[in-house]
Amino acid sequence: MTEQTQTALSGDIKWKEHKQFLHYCLNVLPQPYTSQDSNRITLAFFVIGALEVLDTTDRLKPEEVIEWVYSMQILPREGQQNSGWRGSNFYQPSAEAGEHDLGHVAMSYVALGLLLMMGDDLSRVNKEAIAKSLAQYQQKDGSFSPTRVKSECDMRYVYCACTVAHILNDWSGIDKELVTNYIIKSQSYDCSIGQGPQQEGHAGSTYCALASLKMMGTLDRLPNKDGLIKWLIMRQGLGFCGRPNKLEDTCYSFWVGASLLLLDCYHIVETKNTRSFTCGCQQRVGGCAKWADCHPDVLHTYMSFCGLSFIKEPGFLPVCPMLCLPQKAVDHLETIHNSWRS
Amino acid sequence: MRHSTQSLPFSERDDFKDITPVLQDDGEKPVCPIAYAPEYVDAMNYFRALLDKNELSERALEVTTRVIGLSSANYTAWYFRRLVLKGLQADLREELEFVSEMSRDHPKNYQIWYHRQWIIEQLEDASNELDFTAEILAEDAKNYHSWTHRQWAIKTFNLWEKEIEYVDKLLLADIRNNSAWNQRYFVIFNTTGYTDEVIASETEYTISKILLAPNNESSHNYLLGLYRGRKLSSSARIMEFVADKKDKWTFCAPFLSLQIDICQELNDIEQALELCDKLIGGVDDIHKKYWIYKKSQLETPNGQ
């Protein structure tokens, strides 16, 4: 989108500042981001995703991004079972090592997302190994650990595993029945969905569950959809919050918004409210924060932009609610899938 | 040396002289590079080297401590730390103290909470878990991680006995604490179960809480939750409560919503639509579009 077009559009949106903020982040993330080095690829995902949704990609160099993303893919090694993506280049084993080079399902998801955004054809992705490895991540109760060595298992990694299988078009590593049952068991008495069975319902885990069911083709099996739709819309005040009686936060314009889209119910959202709240959370330096008087961060920036896309704010490109990716990237994925089929 | 306060970079330590640090290779054109703190670069150079060597030693433990201190979400550092602890047959009670301190500093970090769970699993001793999670919840009564861990400890080690008392205490402090309401459901579901008697007594309990804070979504959700798969209109207590308040609580959106649900059960669609109109007309202006949608659902026989 040209600068002239942006100027002609709403004066409420801080186009210039957002562009500056995102370009800055593309070049360098300030020192406090050190603590997030192990998931740096997710930060790149948010920055580049935000630029894509803002239709401001002139500074992006797809070939460079693609090379950098592939540099974090774990390549097959004799006698080693690690595959998928690392969170950054914080570790690259020597030729003789490799045992501790853990692939992480969330990093694999965002890596694939970045490749799709940059128009890559996924030909250098170790598809079969990654798809099959998901079986090691899946637990007996249907949930997923993020790595082949067990750690915390919850709905976030259910979602990441499903997106990986969906993008690679290979569900051979996932027991869909087991996952569907895990999700259904995680539905709370208030119809929302928690991180796991009997845990408190939360908009984030609700989104992860709904999107996963949609990808698996089992969304029709979820009971109490009417109650869930009501729970979701009740998250809206001005902005959205994640649980009853909690504070509103811009990222929920994605988690709740996308959930309602997946349930074909977005039309019940009071769009002027969500617009007002999100606009109020734009920061002077660009980017969006979770609240009005806060530092911007790349996650809330991307999620806010997705939320603005959902209300069809002019200048924001469409976003696929199921994959949390710009629609353009998802269209590209479909082209890739078609080429695999032929 | 686990709680080493040495701030000397590993590159300047005699006890690390034999290790060749491994520098990060981020490629020629890295994307979103981070302006790392220098102490992080130093720690990671040695962490990478130790991973390559697969060295499960005290100094490896120290390196993971420093890495975790600077980047507490580093999943490889936590995983390797567990290998080192097992390799050293370390005193996990000391490790429990370490992870407790980390949790106090980073109460919303997933890896720290999992590490705690792992320690408790190894020790097979959850005797302090209710106290510890209560400590975190005293700071933030809705901390999701703390509730998850608390539920895990209760289920795994059968610590149900005093939990309803704890829930009651939290609800007295904040009737709107949705996490506490969820915990109530968790305890009852897994102990007595929701028998007819329990549903009746919980109905009484919930109505008493609704009377204290009529607009509290959490208590209304709990009440509806009690009757999922059952009929609200089958409860004499609920019907009495509704009859008592319906002329007074005309501006209470969740109460009108409850009445709509009952009307739907009793097939009194006309009354349900009237109540929707009240909500649309100002009682629940923010969610007006939802109530318009609800009306259309009520007006269509058998839903859409």
# chains A, B, ... in the order shown; residues from 1 in each chain; ligands from 1
call {"tool": "interface_residues", "arguments": {"of": "chain A", "to": "chain B", "cutoff": "7 Å", "atoms": "only C-alpha atoms", "output": "ChimeraX atom specification"}}
result
/A:25-31,33-36,38,44,64-65,68,89-91,93-94,97,100,102,151-152,189-190,198-200,237,244-245,268-270
call {"tool": "residues_around", "arguments": {"residues": "Met107 in chain A", "least_positions_apart": "4", "cutoff": "10 Å", "atoms": "only C-alpha atoms", "output": "PyMOL selection string"}}
result
chain A and resi 38-42+45+72-73+84-88+103+111-113+146+160+164
call {"tool": "write_last_selection", "arguments": {"atoms": "C-alpha atoms", "output": "JSON list (two decimals), in the first residue's frame"}}
result
[["chain", "number", "residue", "atom", "x", "y", "z"],
["A", 38, "SER", "CA", 15.27, -18.88, 22.50],
["A", 39, "ASN", "CA", 12.01, -17.98, 20.75],
["A", 40, "ARG", "CA", 13.41, -15.27, 18.51],
["A", 41, "ILE", "CA", 11.86, -16.85, 15.43],
["A", 42, "THR", "CA", 8.42, -16.12, 16.90],
["A", 45, "PHE", "CA", 7.06, -14.01, 12.77],
["A", 72, "MET", "CA", 17.35, -22.89, 12.03],
["A", 73, "GLN", "CA", 15.93, -26.10, 10.65],
["A", 84, "GLY", "CA", 11.81, -29.48, 13.05],
["A", 85, "TRP", "CA", 12.93, -26.03, 14.07],
["A", 86, "ARG", "CA", 14.94, -24.35, 16.78],
["A", 87, "GLY", "CA", 13.78, -21.07, 18.24],
["A", 88, "SER", "CA", 16.85, -19.27, 16.95],
["A", 103, "GLY", "CA", 13.03, -29.29, 17.66],
["A", 111, "ALA", "CA", 9.03, -21.12, 10.71],
["A", 112, "LEU", "CA", 6.60, -22.64, 8.23],
["A", 113, "GLY", "CA", 4.42, -19.54, 8.57],
["A", 146, "PRO", "CA", 6.55, -28.88, 22.59],
["A", 160, "CYS", "CA", 1.02, -25.80, 16.97],
["A", 164, "VAL", "CA", 2.37, -28.14, 11.34]]
call {"tool": "residues_around", "arguments": {"residues": "Pro9 in chain B", "least_positions_apart": "2", "cutoff": "9 Å", "atoms": "only C-alpha atoms", "output": "ChimeraX atom specification"}}
result
/B:6-7,11-13,39,42-43
call {"tool": "residues_around", "arguments": {"residues": "Asp196 in chain B", "least_positions_apart": "4", "cutoff": "12 Å", "atoms": "only C-alpha atoms", "output": "list in words"}}
result
Thr192, Ala200, Ser201, Glu202, Thr203, Leu226, Tyr227, Arg230, Ser234 and Ser235 of chain B
call {"tool": "closest_atom_pairs", "arguments": {"of": "range 164-210 of chain A", "to": "range 117-134 of chain A", "cutoff": "9 Å", "atoms": "only C-alpha atoms", "output": "tab-separated table"}}
result
residue	atom	partner	partner_atom	distance
A:Val164	CA	A:Ala131	CA	7.3
A:Ala165	CA	A:Ala131	CA	6.0
A:Leu168	CA	A:Lys127	CA	6.3
A:Asn169	CA	A:Ala131	CA	8.6
A:Asp170	CA	A:Ala131	CA	6.0
A:Trp171	CA	A:Ala131	CA	6.8
A:Ser172	CA	A:Lys132	CA	6.2
A:Gly173	CA	A:Lys132	CA	4.4
A:Ile174	CA	A:Leu134	CA	6.3
call {"tool": "write_last_selection", "arguments": {"atoms": "C-alpha atoms", "output": "mmCIF file, in the first residue's frame"}}
result
data_model
loop_
_atom_site.group_PDB
_atom_site.id
_atom_site.type_symbol
_atom_site.label_atom_id
_atom_site.label_comp_id
_atom_site.auth_asym_id
_atom_site.auth_seq_id
_atom_site.Cartn_x
_atom_site.Cartn_y
_atom_site.Cartn_z
ATOM 1 C CA VAL A 164 2.369 -28.140 11.341
ATOM 2 C CA ALA A 165 0.437 -31.208 10.202
ATOM 3 C CA LEU A 168 2.715 -30.132 5.660
ATOM 4 C CA ASN A 169 -0.553 -31.849 4.697
ATOM 5 C CA ASP A 170 0.547 -34.892 6.650
ATOM 6 C CA TRP A 171 -1.379 -36.056 9.692
ATOM 7 C CA SER A 172 0.378 -39.387 10.000
ATOM 8 C CA GLY A 173 2.056 -38.354 13.258
ATOM 9 C CA ILE A 174 -1.148 -37.232 14.953
#
call {"tool": "closest_residue", "arguments": {"among": "A:Leu115, A:Cys279, A:Asp55, A:Ile184", "to": "Ile336 in chain A", "atoms": "only C-alpha atoms"}}
result
A:Leu115
